[in-house]
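Shown next: protein-v3.tsv, containing TSV, C-alpha atoms.
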```tsv
chain	number	residue	atom	x	y	z
A	496	MET	CA	12.32	2.68	14.43
A	497	LYS	CA	11.09	1.49	11.03
A	498	LEU	CA	11.57	3.58	7.93
A	499	GLY	CA	8.97	3.86	5.21
A	500	THR	CA	9.57	3.68	1.49
A	501	ARG	CA	7.96	4.45	-1.88
A	502	TRP	CA	7.61	2.39	-5.04
A	503	GLN	CA	5.60	2.51	-8.25
A	504	ALA	CA	2.42	0.44	-8.55
A	505	GLY	CA	3.00	-2.59	-10.73
A	506	GLY	CA	6.63	-2.83	-9.69
A	507	GLU	CA	8.14	-5.24	-7.21
A	508	PRO	CA	7.49	-3.97	-3.67
A	509	PRO	CA	10.68	-3.37	-1.67
A	510	SER	CA	11.73	-6.09	0.74
A	511	SER	CA	10.66	-3.85	3.66
A	512	VAL	CA	7.00	-4.32	2.65
A	513	PRO	CA	5.67	-7.05	4.96
A	514	ALA	CA	4.38	-10.26	3.42
A	515	ALA	CA	1.16	-9.81	5.41
A	516	ILE	CA	0.02	-6.95	3.12
A	517	ARG	CA	1.62	-7.95	-0.19
A	518	ASP	CA	-1.34	-10.05	-1.39
A	519	GLU	CA	-3.80	-7.20	-0.84
A	520	ILE	CA	-1.47	-4.76	-2.61
A	521	ALA	CA	-1.30	-7.13	-5.59
A	522	LYS	CA	-5.12	-7.40	-5.66
A	523	VAL	CA	-5.47	-3.61	-5.67
A	524	GLU	CA	-2.98	-3.33	-8.52
A	525	THR	CA	-4.95	-5.74	-10.74
A	526	ASN	CA	-7.82	-3.23	-10.73
A	527	LEU	CA	-5.75	-0.16	-11.62
A	528	PRO	CA	-6.12	1.42	-15.07
A	529	GLN	CA	-3.51	0.14	-17.50
A	530	VAL	CA	-3.26	3.51	-19.28
A	531	GLY	CA	-1.23	6.49	-18.14
A	532	PRO	CA	1.37	6.86	-15.42
A	533	ARG	CA	1.27	4.39	-12.56
A	534	PRO	CA	0.60	5.83	-9.09
A	535	MET	CA	3.11	5.48	-6.27
A	536	TRP	CA	2.74	3.49	-3.06
A	537	THR	CA	4.00	4.92	0.24
A	538	LEU	CA	4.74	2.55	3.12
A	539	THR	CA	4.52	4.02	6.62
A	540	TRP	CA	4.18	2.53	10.09
A	541	LEU	CA	1.63	3.34	12.80
A	542	GLU	CA	1.84	1.64	16.18
A	543	ASP	CA	4.32	-0.82	14.64
A	544	ARG	CA	1.84	-1.87	11.92
A	545	PRO	CA	2.38	-1.26	8.19
A	546	ILE	CA	0.16	1.00	6.10
A	547	ALA	CA	0.62	1.23	2.33
A	548	GLU	CA	-1.11	4.19	0.71
A	549	LEU	CA	-1.54	4.57	-3.03
A	550	ASP	CA	-1.43	8.14	-4.37
A	551	SER	CA	-4.83	7.60	-5.97
A	552	GLY	CA	-6.57	7.13	-2.60
A	553	ILE	CA	-6.35	3.46	-1.66
A	554	GLU	CA	-4.91	2.21	1.62
A	555	VAL	CA	-3.83	-1.29	2.63
A	556	ALA	CA	-3.30	-1.62	6.37
A	557	LEU	CA	-2.53	-4.43	8.77
A	558	GLY	CA	-4.94	-4.51	11.70
A	559	ALA	CA	-4.13	-5.44	15.29
A	560	ASP	CA	-5.57	-8.90	14.60
A	561	GLY	CA	-3.11	-9.44	11.71
A	562	THR	CA	-5.71	-9.04	8.98
A	563	ALA	CA	-4.92	-6.85	5.97
A	564	THR	CA	-7.73	-4.50	5.00
A	565	VAL	CA	-8.27	-2.24	1.99
A	566	SER	CA	-10.01	1.11	2.27
A	567	THR	CA	-10.22	4.34	0.31
A	568	PHE	CA	-9.51	7.93	1.25
A	569	ASP	CA	-9.64	11.29	-0.45
A	570	PRO	CA	-6.08	12.08	-1.57
A	571	MET	CA	-6.95	15.79	-1.59
A	572	ASP	CA	-7.52	15.87	2.20
```

Take the structure in the file and write it out as structure tokens.
Amino acid sequence: MKLGTRWQAGGEPPSSVPAAIRDEIAKVETNLPQVGPRPMWTLTWLEDRPIAELDSGIEVALGADGTATVSTFDPMD
């Protein structure tokens, strides 16, 4: 079993965040507003693959082929 974790955008991701998605997380963070409180990332696992979701509605996931993808979702759903 793998445990998830949370951390604030702009901070150093915990060591449990796989290297395979770190670059995409960093790219997302460069486009975040620099004013106001920073949103939080939540790392979870689905079918043994990492998914990092930002409170503001952005998701970075590792696909079955090992490619990291970025998508958006409605955080109110």

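In this structure, CA of Gly558 (chain A) sits 23.7 Å away from CA of Leu527 (chain A).
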
Rounded to one decimal, what separation in Å do you get between CA of Pro508 (chain A) and CA of Val530 (chain A)?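 Separation between CA of Pro508 (chain A) and CA of Val530 (chain A): 20.4 Å.
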
Mind pulling up the distance from CA of Ala547 (chain A) to CA of Arg533 (chain A)?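 A separation of 15.2 Å between them.
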
Out of A:Glu524, A:Val512, A:Gly561, A:Gly531, which residue has the shortest atom-to-atom distance to Thr500 (chain A) when counting only C-alpha atoms? A:Val512

Nearest to Ala514 (chain A) by atom-to-atom distance, counting only C-alpha atoms, from A:Thr567, A:Asp550, A:Glu542, A:Thr562: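 Answer, going by the shortest atom-to-atom distance: A:Thr562.
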
Please write as a PyMOL selection string the list of polymer residues whose atoms come within 10 Å of (3.5, -3.0, 11.4), counting all atoms listed in the file and keeping to the coordinates of the file. chain A and resi 497+512-513+515-516+539-546+556-559+561

If we count only C-alpha atoms and set the cut-off at 9 Å, which residues sit around Ile520 (chain A), ignoring sequence neighbours fewer than 6 positions away in its own chain? Please answer as a PyMOL selection string. chain A and resi 504+547+554-555+565

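Look at everything within 8 Å of (7.6, 0.5, -3.1) using all atoms listed in the file, and the residues you get are Thr500, Arg501, Trp502, Gln503, Ala504, Gly506, Glu507, Pro508, Pro509, Val512, Met535, Trp536, Thr537 and Leu538 of chain A.
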
How would the residues just picked look written out with C-alpha atoms as a PDB file, in the frame of the given file?
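Below is the file that was written, result-v3.pdb:
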```pdb
ATOM      1  CA  THR A 500       9.570   3.680   1.490  1.00  0.00           C
ATOM      2  CA  ARG A 501       7.960   4.450  -1.880  1.00  0.00           C
ATOM      3  CA  TRP A 502       7.610   2.390  -5.040  1.00  0.00           C
ATOM      4  CA  GLN A 503       5.600   2.510  -8.250  1.00  0.00           C
ATOM      5  CA  ALA A 504       2.420   0.440  -8.550  1.00  0.00           C
ATOM      6  CA  GLY A 506       6.630  -2.830  -9.690  1.00  0.00           C
ATOM      7  CA  GLU A 507       8.140  -5.240  -7.210  1.00  0.00           C
ATOM      8  CA  PRO A 508       7.490  -3.970  -3.670  1.00  0.00           C
ATOM      9  CA  PRO A 509      10.680  -3.370  -1.670  1.00  0.00           C
ATOM     10  CA  VAL A 512       7.000  -4.320   2.650  1.00  0.00           C
ATOM     11  CA  MET A 535       3.110   5.480  -6.270  1.00  0.00           C
ATOM     12  CA  TRP A 536       2.740   3.490  -3.060  1.00  0.00           C
ATOM     13  CA  THR A 537       4.000   4.920   0.240  1.00  0.00           C
ATOM     14  CA  LEU A 538       4.740   2.550   3.120  1.00  0.00           C
TER      15      LEU A 538
END
```
